[in-house]
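Shown next: entry-v1.cif, containing mmCIF, C-alpha atoms.
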```cif
data_entry
loop_
_atom_site.label_atom_id
_atom_site.label_comp_id
_atom_site.auth_asym_id
_atom_site.auth_seq_id
_atom_site.Cartn_x
_atom_site.Cartn_y
_atom_site.Cartn_z
CA MET A 1 -6.69 8.51 -3.41
CA LEU A 2 -8.13 9.36 0.00
CA ARG A 3 -10.61 12.19 0.22
CA TYR A 4 -11.68 13.87 3.43
CA LEU A 5 -15.10 15.46 2.97
CA TYR A 6 -17.60 16.99 5.32
CA GLY A 7 -21.24 16.22 4.58
CA HIS A 8 -21.86 19.76 3.36
CA ASP A 9 -19.23 19.28 0.65
CA LEU A 10 -20.42 15.92 -0.69
CA HIS A 11 -22.44 17.59 -3.44
CA LEU A 12 -19.14 18.68 -5.00
CA TYR A 13 -18.38 14.99 -5.66
CA PRO A 14 -21.70 13.52 -6.83
CA THR A 15 -20.30 10.28 -8.27
CA LEU A 16 -18.31 9.57 -5.15
CA ALA A 17 -21.20 10.45 -2.81
CA THR A 18 -23.80 8.40 -4.69
CA GLY A 19 -21.36 5.50 -4.84
CA MET A 20 -20.76 5.69 -1.11
CA PHE A 21 -24.46 5.62 -0.19
CA THR A 22 -25.32 2.84 -2.67
CA ASP A 23 -22.30 0.77 -1.63
CA ARG A 24 -23.42 1.22 1.97
CA ALA A 25 -26.87 -0.10 1.02
CA ASP A 26 -25.18 -3.05 -0.69
CA GLN A 27 -22.97 -3.81 2.30
CA PHE A 28 -25.26 -3.18 5.26
CA ALA A 29 -28.69 -4.10 3.83
CA ALA A 30 -28.03 -6.62 1.03
CA ARG A 31 -24.97 -8.47 2.30
CA LEU A 32 -25.17 -8.12 6.08
CA GLY A 33 -28.95 -7.93 6.42
CA TRP A 34 -28.85 -5.05 8.92
CA GLU A 35 -32.10 -3.18 9.43
CA VAL A 36 -30.98 0.02 7.78
CA HIS A 37 -33.02 2.45 5.73
CA VAL A 38 -32.48 2.29 1.97
CA ASP A 39 -34.28 4.96 -0.06
CA ALA A 40 -35.90 4.73 -3.52
CA ASN A 41 -32.55 5.50 -5.16
CA GLY A 42 -30.95 2.56 -3.44
CA GLU A 43 -28.97 4.75 -1.03
CA GLU A 44 -28.51 3.97 2.65
CA ARG A 45 -28.55 6.93 5.04
CA ASP A 46 -29.22 7.31 8.73
CA GLN A 47 -29.76 10.19 11.16
CA TYR A 48 -26.03 10.64 11.68
CA ASP A 49 -25.48 11.52 8.03
CA ALA A 50 -27.73 14.51 8.69
CA LEU A 51 -25.29 15.80 11.33
CA ASP A 52 -22.70 16.90 8.75
CA PRO A 53 -20.06 14.32 9.66
CA LEU A 54 -16.57 14.04 8.24
CA TYR A 55 -16.22 11.23 5.69
CA VAL A 56 -13.00 9.57 4.67
CA ILE A 57 -13.48 8.13 1.20
CA TRP A 58 -11.29 5.99 -1.02
CA GLU A 59 -11.63 7.28 -4.56
CA ARG A 60 -10.62 4.84 -7.26
CA PRO A 61 -8.58 5.95 -10.27
CA ASP A 62 -11.78 6.18 -12.34
CA GLY A 63 -13.43 8.44 -9.75
CA ARG A 64 -15.73 5.82 -8.23
CA HIS A 65 -16.22 5.02 -4.55
CA GLY A 66 -14.00 2.20 -3.27
CA GLY A 67 -14.68 2.44 0.47
CA SER A 68 -15.47 4.92 3.18
CA MET A 69 -16.07 5.65 6.82
CA ARG A 70 -17.71 8.39 8.81
CA PHE A 71 -16.55 10.45 11.80
CA LEU A 72 -18.36 12.48 14.45
CA PRO A 73 -17.00 13.80 17.76
CA THR A 74 -18.48 12.07 20.82
CA THR A 75 -19.37 15.47 22.31
CA GLY A 76 -22.55 15.35 20.19
CA SER A 77 -24.99 12.68 19.03
CA VAL A 78 -23.20 9.42 18.35
CA MET A 79 -24.26 5.84 17.77
CA VAL A 80 -22.06 4.28 20.48
CA ASN A 81 -23.95 6.23 23.13
CA GLU A 82 -27.44 6.41 21.65
CA VAL A 83 -27.82 2.96 20.12
CA PHE A 84 -25.15 0.83 21.78
CA GLY A 85 -24.76 2.60 25.14
CA HIS A 86 -25.53 -0.65 26.99
CA LEU A 87 -22.33 -2.16 25.58
CA THR A 88 -19.99 0.34 27.20
CA GLY A 89 -21.05 -0.28 30.77
CA GLY A 90 -23.57 2.55 30.90
CA ALA A 91 -20.98 5.30 30.75
CA PRO A 92 -21.52 7.56 27.75
CA ILE A 93 -18.29 8.11 25.87
CA GLN A 94 -17.91 11.85 25.69
CA SER A 95 -14.81 13.82 24.81
CA PRO A 96 -13.67 16.10 22.00
CA LEU A 97 -10.55 13.90 21.92
CA ILE A 98 -12.57 10.76 21.11
CA TRP A 99 -14.32 10.57 17.76
CA GLU A 100 -16.77 7.93 16.65
CA CYS A 101 -16.06 6.05 13.44
CA THR A 102 -19.06 4.32 11.84
CA ARG A 103 -20.35 2.92 8.53
CA PHE A 104 -16.98 1.46 7.60
CA CYS A 105 -17.85 0.32 4.11
CA LEU A 106 -16.02 -1.40 1.28
CA ALA A 107 -17.30 -1.60 -2.27
CA ARG A 108 -18.10 -5.17 -3.31
CA ASP A 109 -14.99 -5.55 -5.46
CA ALA A 110 -12.63 -3.47 -3.34
CA GLY A 111 -9.41 -5.21 -2.41
CA PRO A 112 -8.04 -5.47 1.13
CA HIS A 113 -5.70 -2.57 0.44
CA VAL A 114 -8.72 -0.23 0.47
CA ALA A 115 -9.55 -1.11 4.07
CA ALA A 116 -5.94 -0.44 5.00
CA ALA A 117 -5.98 2.86 3.11
CA LEU A 118 -9.03 3.97 5.09
CA MET A 119 -7.37 3.13 8.38
CA LEU A 120 -4.36 5.09 7.18
CA GLY A 121 -6.69 8.07 6.72
CA GLY A 122 -7.98 7.54 10.26
CA GLY A 123 -4.41 7.74 11.51
CA GLU A 124 -3.87 11.02 9.65
CA ILE A 125 -6.92 12.46 11.40
CA MET A 126 -5.66 11.38 14.80
CA ARG A 127 -2.21 12.80 14.27
CA GLY A 128 -3.37 15.92 12.43
CA PHE A 129 -6.11 16.91 14.85
CA GLY A 130 -4.80 15.70 18.20
CA ILE A 131 -7.46 13.00 18.56
CA ARG A 132 -6.58 10.34 21.14
CA HIS A 133 -9.05 7.59 20.28
CA PHE A 134 -11.60 6.45 17.77
CA THR A 135 -14.50 4.36 18.89
CA GLY A 136 -16.90 2.48 16.68
CA VAL A 137 -19.37 -0.32 16.24
CA PHE A 138 -18.41 -3.23 14.04
CA ASP A 139 -19.51 -6.74 13.14
CA ARG A 140 -17.84 -10.11 12.91
CA ARG A 141 -16.78 -9.66 9.33
CA MET A 142 -14.91 -6.46 10.16
CA GLU A 143 -13.04 -8.30 12.92
CA ARG A 144 -11.28 -10.31 10.24
CA ILE A 145 -10.58 -7.25 8.15
CA TYR A 146 -9.14 -5.23 11.03
CA ARG A 147 -6.95 -8.18 11.96
CA ALA A 148 -5.77 -8.61 8.40
CA ILE A 149 -4.74 -4.98 8.00
CA GLY A 150 -3.00 -4.86 11.37
CA SER A 151 -5.32 -2.35 13.00
CA TRP A 152 -6.95 -4.36 15.72
CA PRO A 153 -9.08 -2.38 18.22
CA GLU A 154 -9.51 -2.92 21.92
CA ILE A 155 -13.01 -4.34 22.47
CA LEU A 156 -15.08 -2.27 24.92
CA GLY A 157 -18.15 -4.50 24.76
CA SER A 158 -19.94 -7.07 22.58
CA GLU A 159 -23.33 -8.62 22.13
CA GLY A 160 -24.60 -11.56 20.09
CA ASP A 161 -22.81 -14.73 19.10
CA GLY A 162 -20.95 -16.02 16.10
CA ARG A 163 -21.80 -14.27 12.86
CA ASP A 164 -24.20 -11.91 14.61
CA ARG A 165 -21.71 -10.56 17.08
CA ILE A 166 -21.58 -6.76 17.27
CA SER A 167 -18.76 -5.07 19.15
CA ILE A 168 -17.70 -1.62 20.19
CA GLY A 169 -14.03 -1.07 19.56
CA LEU A 170 -11.47 1.50 20.54
CA TRP A 171 -8.51 2.47 18.43
CA ASP A 172 -5.58 4.55 19.43
CA PHE A 173 -2.79 5.91 17.35
CA THR A 174 0.71 4.54 17.31
CA ALA A 175 3.38 5.24 14.75
CA GLU A 176 3.94 1.47 14.40
CA ALA A 177 0.28 0.78 13.60
CA GLN A 178 0.32 3.62 11.10
CA ALA A 179 3.41 2.19 9.38
CA ARG A 180 1.75 -1.23 9.34
CA VAL A 181 -1.44 -0.07 7.64
CA ALA A 182 0.56 2.08 5.21
CA ALA A 183 2.47 -1.02 4.14
CA ARG A 184 -0.76 -3.04 3.79
CA ALA A 185 -2.33 -0.25 1.78
CA GLY A 186 0.72 0.04 -0.47
CA ILE A 187 0.70 3.79 0.07
CA SER A 188 3.75 5.74 1.18
CA PRO A 189 3.24 7.74 4.38
CA ASP A 190 4.34 10.85 2.47
CA LEU A 191 1.62 10.42 -0.13
CA SER A 192 -0.95 9.83 2.58
CA ARG A 193 0.18 13.01 4.30
CA LEU A 194 -0.08 14.88 1.01
CA TRP A 195 -3.74 13.84 0.58
CA PHE A 196 -4.51 14.95 4.10
CA GLN A 197 -2.84 18.31 3.53
CA ARG A 198 -4.64 18.74 0.25
CA ALA A 199 -7.95 18.32 2.06
CA PHE A 200 -7.20 20.55 5.02
CA GLY A 201 -4.79 23.02 3.47
CA THR A 202 -1.03 23.28 3.25
CA GLY A 203 -0.59 26.93 4.06
CA PRO A 204 -0.16 29.32 1.13
CA ALA A 205 3.04 31.23 0.65
CA ILE A 206 1.38 34.53 1.47
CA TRP A 207 1.36 33.55 5.08
CA HIS A 208 5.08 33.84 5.44
CA LYS A 209 5.19 37.40 4.24
CA ARG A 210 4.52 39.51 7.28
CA SER A 211 2.28 42.41 6.44
CA ALA A 212 3.58 45.80 7.40
CA MET B 1 6.80 26.61 30.75
CA VAL B 2 3.08 26.45 31.52
CA LYS B 3 2.41 25.71 35.16
CA ARG B 4 -0.22 23.02 35.50
CA ALA B 5 -1.33 24.19 38.92
CA ARG B 6 -1.99 27.69 37.61
CA LEU B 7 -3.86 26.28 34.61
CA GLU B 8 -6.08 24.25 36.92
CA ASN B 9 -6.75 27.35 39.04
CA ILE B 10 -7.85 29.27 35.98
CA LEU B 11 -10.23 26.47 35.01
CA GLU B 12 -11.58 26.31 38.57
CA ASP B 13 -12.34 30.02 38.41
CA LEU B 14 -13.95 29.63 35.00
CA ASP B 15 -16.08 26.77 36.23
CA SER B 16 -17.30 28.57 39.33
CA THR B 17 -18.00 31.95 37.78
CA THR B 18 -21.61 33.09 37.61
CA LYS B 19 -20.90 36.19 35.54
CA LEU B 20 -19.93 36.76 31.95
CA GLU B 21 -16.92 38.72 33.20
CA GLY B 22 -15.57 35.43 34.48
CA LEU B 23 -15.16 34.27 30.87
CA GLN B 24 -13.32 37.46 30.02
CA SER B 25 -10.91 37.26 32.93
CA ALA B 26 -10.20 33.61 32.09
CA THR B 27 -9.08 34.62 28.59
CA VAL B 28 -6.69 37.18 30.07
CA ALA B 29 -5.31 34.70 32.59
CA LEU B 30 -4.82 32.03 29.91
CA ARG B 31 -3.09 34.47 27.58
CA ASP B 32 -0.67 35.42 30.35
CA LEU B 33 -0.07 31.82 31.31
CA TYR B 34 0.64 30.66 27.76
CA GLN B 35 2.60 33.85 27.04
CA ILE B 36 0.91 34.43 23.72
CA HIS B 37 -0.75 37.52 22.24
CA HIS B 38 -4.40 36.52 22.46
CA ILE B 39 -7.04 34.10 23.65
CA VAL B 40 -10.50 34.62 22.21
CA TYR B 41 -13.84 32.87 22.60
CA HIS B 42 -16.28 33.71 19.81
CA TRP B 43 -19.88 32.51 19.63
CA VAL B 44 -21.51 32.74 16.22
CA ASP B 45 -25.17 31.98 15.86
CA SER B 46 -26.83 30.60 12.77
CA ALA B 47 -28.96 33.77 12.95
CA GLY B 48 -25.74 35.82 12.64
CA ASP B 49 -25.74 36.91 16.29
CA GLN B 50 -22.29 37.13 17.81
CA TYR B 51 -20.98 37.11 21.28
CA GLY B 52 -17.35 37.11 22.20
CA CYS B 53 -14.82 37.71 24.85
CA GLY B 54 -11.09 37.77 24.76
CA THR B 55 -7.99 39.82 24.62
CA TYR B 56 -8.25 41.48 21.20
CA SER B 57 -8.24 45.26 21.50
CA ASP B 58 -11.56 47.08 21.74
CA ALA B 59 -10.61 48.93 18.58
CA TRP B 60 -10.25 45.69 16.62
CA ARG B 61 -13.49 44.31 18.02
CA GLN B 62 -15.29 47.50 17.03
CA ARG B 63 -13.77 47.48 13.59
CA TYR B 64 -14.64 43.80 13.09
CA LEU B 65 -18.29 44.38 13.98
CA GLU B 66 -18.61 47.63 12.03
CA GLN B 67 -17.18 46.09 8.89
CA ASN B 68 -19.13 42.87 9.41
CA TYR B 69 -15.91 40.90 8.92
CA LEU B 70 -17.75 37.74 9.84
CA ARG B 71 -18.51 37.52 6.12
CA ILE B 72 -14.90 37.41 4.95
CA ASP B 73 -12.89 36.24 7.96
CA PRO B 74 -11.21 33.04 6.64
CA VAL B 75 -11.09 31.68 10.19
CA ILE B 76 -14.89 31.80 10.45
CA GLN B 77 -15.29 30.50 6.89
CA GLY B 78 -12.81 27.71 7.50
CA CYS B 79 -14.20 26.59 10.84
CA TYR B 80 -17.94 26.99 10.50
CA GLN B 81 -19.78 23.67 10.10
CA ARG B 82 -16.61 21.78 10.93
CA PHE B 83 -15.27 20.16 14.06
CA HIS B 84 -11.56 19.71 13.53
CA PRO B 85 -9.10 22.21 15.05
CA VAL B 86 -7.63 24.58 12.51
CA ASP B 87 -4.16 26.07 12.24
CA TRP B 88 -4.67 29.43 10.52
CA LYS B 89 -1.81 28.71 8.13
CA ARG B 90 -3.91 25.99 6.57
CA LEU B 91 -6.80 28.28 5.73
CA ASP B 92 -7.38 29.87 2.36
CA TRP B 93 -6.06 33.43 2.55
CA SER B 94 -5.66 33.77 -1.21
CA SER B 95 -8.51 36.17 -1.94
CA LYS B 96 -7.82 39.88 -2.03
CA ALA B 97 -10.41 40.51 0.67
CA ALA B 98 -8.84 37.92 2.95
CA ARG B 99 -5.36 39.34 2.50
CA ALA B 100 -6.56 42.86 3.21
CA PHE B 101 -8.39 41.56 6.28
CA LEU B 102 -5.25 39.84 7.53
CA SER B 103 -3.00 42.86 7.17
CA GLU B 104 -5.58 45.03 8.87
CA ALA B 105 -5.94 42.54 11.72
CA ILE B 106 -2.17 42.52 12.19
CA ALA B 107 -2.16 46.33 12.23
CA TYR B 108 -4.66 46.10 15.08
CA GLY B 109 -2.34 43.85 17.08
CA VAL B 110 -3.56 40.40 16.06
CA GLY B 111 -0.66 37.95 15.72
CA ASN B 112 0.15 36.16 12.47
CA GLN B 113 -0.35 32.66 13.89
CA GLY B 114 -3.59 31.16 15.12
CA TYR B 115 -5.12 27.91 16.27
CA SER B 116 -8.91 27.79 16.36
CA VAL B 117 -11.05 25.06 17.86
CA PRO B 118 -14.57 24.89 16.37
CA ILE B 119 -17.22 23.76 18.82
CA ARG B 120 -20.60 22.41 17.86
CA GLY B 121 -23.00 23.01 20.70
CA PRO B 122 -26.63 21.94 21.10
CA ASN B 123 -29.29 23.02 18.59
CA GLY B 124 -26.94 24.33 15.95
CA GLN B 125 -24.98 26.51 18.35
CA PHE B 126 -21.45 27.18 17.13
CA ALA B 127 -18.41 28.72 18.75
CA LEU B 128 -14.71 29.17 18.17
CA PHE B 129 -11.92 29.16 20.70
CA THR B 130 -8.80 30.78 19.33
CA SER B 131 -5.22 31.07 20.48
CA ASN B 132 -3.20 33.70 18.65
CA HIS B 133 0.43 34.71 18.61
CA ASP B 134 3.09 36.47 16.59
CA CYS B 135 5.96 34.07 15.91
CA ASP B 136 7.54 31.85 13.27
CA ASP B 137 6.07 28.58 12.05
CA ALA B 138 8.47 26.36 13.99
CA TYR B 139 7.59 27.97 17.30
CA TRP B 140 3.86 27.79 16.58
CA ASN B 141 3.96 24.16 15.43
CA GLN B 142 5.70 23.27 18.66
CA PHE B 143 3.20 25.29 20.68
CA ILE B 144 0.27 23.41 19.12
CA GLU B 145 2.04 20.10 19.51
CA THR B 146 2.49 20.79 23.22
CA HIS B 147 -0.79 22.52 24.09
CA GLY B 148 -3.23 21.65 21.30
CA ARG B 149 -5.17 18.99 23.18
CA ASP B 150 -5.49 21.14 26.30
CA LEU B 151 -6.73 24.01 24.16
CA ILE B 152 -9.37 21.77 22.58
CA LEU B 153 -10.66 20.82 26.03
CA ILE B 154 -10.46 24.37 27.37
CA GLY B 155 -12.42 25.67 24.38
CA HIS B 156 -15.22 23.23 25.16
CA TYR B 157 -15.21 24.30 28.81
CA PHE B 158 -15.61 27.93 27.73
CA ASN B 159 -18.52 26.97 25.55
CA ARG B 160 -20.16 24.95 28.29
CA LYS B 161 -19.97 27.95 30.59
CA ALA B 162 -21.22 30.34 27.90
CA LEU B 163 -24.27 28.10 27.33
CA GLU B 164 -25.15 28.43 31.02
CA PHE B 165 -25.68 32.15 30.46
CA GLU B 166 -28.14 31.59 27.61
CA PRO B 167 -31.56 31.02 29.11
CA VAL B 168 -33.18 30.32 25.75
CA ARG B 169 -30.72 27.58 24.95
CA GLN B 170 -31.56 24.07 25.88
CA PRO B 171 -29.06 23.26 28.61
CA GLU B 172 -26.53 20.56 27.95
CA PRO B 173 -27.29 17.29 29.66
CA ALA B 174 -26.12 17.30 33.25
CA GLN B 175 -22.45 16.42 33.54
CA SER B 176 -22.97 13.69 36.06
CA LEU B 177 -20.67 10.71 36.21
CA SER B 178 -21.96 7.25 35.43
CA PRO B 179 -21.62 4.60 38.18
CA ARG B 180 -18.66 3.02 36.38
CA GLU B 181 -16.90 6.35 36.10
CA VAL B 182 -17.51 6.99 39.80
CA ASP B 183 -16.00 3.58 40.59
CA ALA B 184 -12.96 4.26 38.44
CA MET B 185 -12.35 7.74 39.85
CA THR B 186 -12.82 6.53 43.41
CA LEU B 187 -10.20 3.80 43.04
CA ILE B 188 -7.77 6.23 41.44
CA ALA B 189 -8.37 8.64 44.32
CA LEU B 190 -7.53 5.79 46.69
CA GLY B 191 -4.15 5.52 45.05
CA TYR B 192 -4.67 2.45 42.86
CA ASN B 193 -2.69 2.45 39.66
CA ARG B 194 -4.45 1.95 36.34
CA ALA B 195 -3.75 -1.76 36.11
CA GLN B 196 -5.17 -2.29 39.59
CA VAL B 197 -8.25 -0.19 38.87
CA ALA B 198 -8.89 -2.06 35.63
CA ASN B 199 -8.44 -5.36 37.41
CA SER B 200 -10.76 -4.37 40.27
CA LEU B 201 -13.49 -3.32 37.84
CA SER B 202 -12.93 -6.32 35.55
CA ILE B 203 -12.34 -4.10 32.55
CA SER B 204 -9.40 -3.65 30.23
CA GLU B 205 -7.01 -0.77 30.74
CA HIS B 206 -8.21 0.61 27.40
CA THR B 207 -11.79 0.69 28.61
CA LEU B 208 -10.57 2.38 31.76
CA ARG B 209 -8.82 5.01 29.67
CA VAL B 210 -12.08 5.81 27.92
CA TYR B 211 -13.90 6.10 31.26
CA ILE B 212 -11.22 8.45 32.54
CA GLU B 213 -11.15 10.47 29.33
CA SER B 214 -14.93 10.94 29.43
CA ALA B 215 -15.00 11.65 33.17
CA ARG B 216 -12.28 14.22 32.73
CA PHE B 217 -14.27 16.01 30.05
CA LYS B 218 -17.49 15.93 32.08
CA LEU B 219 -15.62 17.36 35.08
CA GLY B 220 -13.99 20.11 33.05
CA ALA B 221 -10.51 18.88 33.90
CA LEU B 222 -7.34 18.54 31.85
CA ASN B 223 -5.76 15.49 33.43
CA THR B 224 -6.63 12.62 35.73
CA THR B 225 -5.29 14.16 38.95
CA HIS B 226 -7.26 17.31 38.27
CA ALA B 227 -10.38 15.28 37.48
CA VAL B 228 -10.10 13.33 40.73
CA ALA B 229 -9.68 16.55 42.71
CA ARG B 230 -12.78 18.01 41.07
CA ALA B 231 -14.86 14.90 41.60
CA MET B 232 -13.92 14.97 45.29
CA SER B 233 -14.57 18.67 45.76
CA ARG B 234 -18.00 18.27 44.17
CA GLY B 235 -18.79 15.35 46.39
CA LEU B 236 -19.18 13.02 43.41
CA ILE B 237 -16.76 10.57 44.92
CA VAL B 238 -16.06 9.93 48.57
CA VAL B 239 -12.85 8.37 49.81
#
```

Translate the structure described by the file into structure tokens.
Amino acid sequence: MLRYLYGHDLHLYPTLATGMFTDRADQFAARLGWEVHVDANGEERDQYDALDPLYVIWERPDGRHGGSMRFLPTTGSVMVNEVFGHLTGGAPIQSPLIWECTRFCLARDAGPHVAAALMLGGGEIMRGFGIRHFTGVFDRRMERIYRAIGSWPEILGSEGDGRDRISIGLWDFTAEAQARVAARAGISPDLSRLWFQRAFGTGPAIWHKRSA
Amino acid sequence: MVKRARLENILEDLDSTTKLEGLQSATVALRDLYQIHHIVYHWVDSAGDQYGCGTYSDAWRQRYLEQNYLRIDPVIQGCYQRFHPVDWKRLDWSSKAARAFLSEAIAYGVGNQGYSVPIRGPNGQFALFTSNHDCDDAYWNQFIETHGRDLILIGHYFNRKALEFEPVRQPEPAQSLSPREVDAMTLIALGYNRAQVANSLSISEHTLRVYIESARFKLGALNTTHAVARAMSRGLIVV
């Protein structure tokens, strides 16, 4: 299932959180060779994890981490402006209606449906919170994955060649794209909506009783 | 029907005010424009300091402070440390204290529906911008669907203004436009359509949309026309 967790709530799901940070170390340090910081426990964290971001996490049936990504609004500190600002033409991206999505991570044995499920969660956030765009940094390998799950971003800027290419992408929300990733993920849109509502509340019955 | 021109006037006044009262009168004007019960801006410090303005009655404000309702208000609890907009229906009102708080709030003239935008400012600053009304769910869902994005932007513009009045706060970085944003806004002001602007700047229309979206936010505007007008009146672009 998809979980939507702010950083300050991660401690409630220790297995999931540990799995996310160790799978990130495995993906970004071990497999991709990025210069990221991995601590003594084998967990990868950066300064943006300290900003209490919103994580979307795929939880496998046995409770383990299957994949995840991280959101922050571009009104505050974000990687696209602070680290990769030169790739967007020198204009900082800044709007409460544009959120940054980073650290898109898949566990080593996660199937392609997990990537699609995560994008499905991204679509729920856009629709649920009125967000117009996501922006994010991604590498060559993710290009293939985004293509495969039918959620291809507009490229705002790139640097490097071949395997080393890093790009900044922009996603917007369309009902068609959402239906496409739902089909790839093998998750019904209703179920996806249910997970989102479970995370952010469905509205208890008490509300409908007007108090005198 | 919310008149865009009136909305832009209200935001102009908010932007140019040099007094705290300007924030207050903007809440009243917005409430009247949207024809809802209340608009409230509420600053909550990590130290527990509060500052607010809005259209709640003085009696309710007094009561809220006296009872230190900050502790149990589900809206504060549900928005603090977060950054997604919150429909009050989705909050947890199940505790006895929360239910008692709600019925008391309603007795003081607070509507049963709310939409609160949490805002994370610099250095741990936090604020809430709330729209409140008394109506059924269908009406409120439609209201948020129609005005939610504007309210998110307006909430941030309130907070930006409120930060100006706090000398101890580190000011937000200057809201100047980048050269690319100036180019984009200038061409739009000259009457180019988006495809032509994108073509002239050798960027995709998507990239252009991001430039416009960011420029709009920096200029405190709600749409592109408004943003262009503001950029011109501030002398940021010349056509």

Open item on the list: Residues of chain A within 10 Å of chain B, counting all atoms listed in the file, what are they? List them as a ChimeraX atom specification.
Closed with: /A:6-8,51-54,72-77,88-98,125,127-133,135,153-157,169-172,197-212

Open item on the list: Take the PyMOL selection byres ((chain A and resi 109) around 12), run it mentally on this structure, and tell me the resulting residues as a list in words.
Closed with: Asp23, Asp26, Gln27, Arg60, Arg64, His65, Gly66, Gly67, Cys105, Leu106, Ala107, Arg108, Ala110, Gly111, Pro112, His113, Val114 and Ala115 of chain A

- [ ] Rounded to one decimal place, report the atom CA of Thr55 of chain B-atom CA of Tyr115 of chain B distance in Å.
- [x]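 Answer for the atom CA of Thr55 of chain B to atom CA of Tyr115 of chain B separation: 14.8 Å.
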
Task: Non-local contacts of Ala5 of chain B (12 Å; all atoms listed in the file; under 4 positions in same chain excluded) as number ranges by chain - done: B: 1, 9-12, 33, 221-223, 225-226, 229

Open item on the list: If I take atom CA of Phe104 of chain A and atom CA of Ala185 of chain A, how far is one from the other in Å, to one decimal?
Closed with: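 About the pair atom CA of Phe104 of chain A and atom CA of Ala185 of chain A: they are 15.9 Å apart.
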
- [ ] Take atom CA of Ala30 of chain A and atom CA of Glu43 of chain A and report the distance between them in Å, one decimal.
- [x] 11.6 Å

Calculate, to one decimal in Å, the centre and edge lengths of the box along x, y and z of the file that holds all listed atoms of segment 143-148 of chain A with 3 Å of margin on each side, and present them as JSON.
```
{"center_x": -9.4, "center_y": -7.8, "center_z": 10.5, "size_x": 13.3, "size_y": 11.1, "size_z": 10.8}
```

Open item on the list: Show me, as a ChimeraX atom specification, the residues that have an atom within 9 Å of Gln24 of chain B when counting all atoms listed in the file, minus same-chain residues fewer than 6 positions from it.
Closed with: /B:40-41,52-55

Output for the residues just chosen: C-alpha atoms as a PDB file, in the coordinates of the input:
```
ATOM      1  CA  VAL B  40     -10.500  34.620  22.210  1.00  0.00           C
ATOM      2  CA  TYR B  41     -13.840  32.870  22.600  1.00  0.00           C
ATOM      3  CA  GLY B  52     -17.350  37.110  22.200  1.00  0.00           C
ATOM      4  CA  CYS B  53     -14.820  37.710  24.850  1.00  0.00           C
ATOM      5  CA  GLY B  54     -11.090  37.770  24.760  1.00  0.00           C
ATOM      6  CA  THR B  55      -7.990  39.820  24.620  1.00  0.00           C
TER       7      THR B  55
END
```

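Near Leu118 of chain A, within 8 Å and counting only C-alpha atoms, sit Leu2, Val56, Ile57, Trp58, Gly67, Ser68, Met69, Val114, Ala115, Ala116, Leu120, Gly121 and Gly122 of chain A; same-chain residues fewer than 2 positions away were not included.
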
Task: Residue neighbourhood Arg234 of chain B, 12 Å, all atoms listed in the file, exclusion window fewer than 6 positions, as a ChimeraX atom specification - done: /B:12,15-16,175-177,219-220,227-228

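Minimum atom-to-atom distance to Phe158 of chain B, evaluated using all atoms listed in the file, belongs to B:Thr130 out of B:Cys135, B:Thr130, B:Ile72, B:Val239.
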
- [ ] Could you give me, as number ranges by chain, the residues that sit within 12 Å of (-22.4, 35.3, 18.5) in the file's coordinates, counting only C-alpha atoms?
- [x] B: 41-53, 65, 70, 76, 125-128, 159, 162-163, 166

- [ ] Have a look at A:Arg184, A:Val78, A:Pro14, A:Phe21 and name the one nearest to Ala148 of chain A; count only C-alpha atoms.
- [x]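 Among A:Arg184, A:Val78, A:Pro14, A:Phe21, it is A:Arg184 that comes nearest to Ala148 of chain A.
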
Surrounding residues of Val36 of chain A excluding itself and chain neighbours under 6 positions, 9 Å, only C-alpha atoms, as a short mmCIF file (atom, residue, chain, number, x, y, z; two decimals) with C-alpha atoms, in the coordinates of the input:
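Final file, around-v5.cif:
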```cif
data_model
loop_
_atom_site.label_atom_id
_atom_site.label_comp_id
_atom_site.auth_asym_id
_atom_site.auth_seq_id
_atom_site.Cartn_x
_atom_site.Cartn_y
_atom_site.Cartn_z
CA ALA A 25 -26.87 -0.10 1.02
CA PHE A 28 -25.26 -3.18 5.26
CA ALA A 29 -28.69 -4.10 3.83
CA GLU A 44 -28.51 3.97 2.65
CA ARG A 45 -28.55 6.93 5.04
CA ASP A 46 -29.22 7.31 8.73
#
```

TODO: Identify the residues within 7 Å of coordinate (-14.4, 13.5, -9.2) (same frame as the file), considering only C-alpha atoms, and give the answer as a PyMOL selection string.
DONE: chain A and resi 13+15-16+63
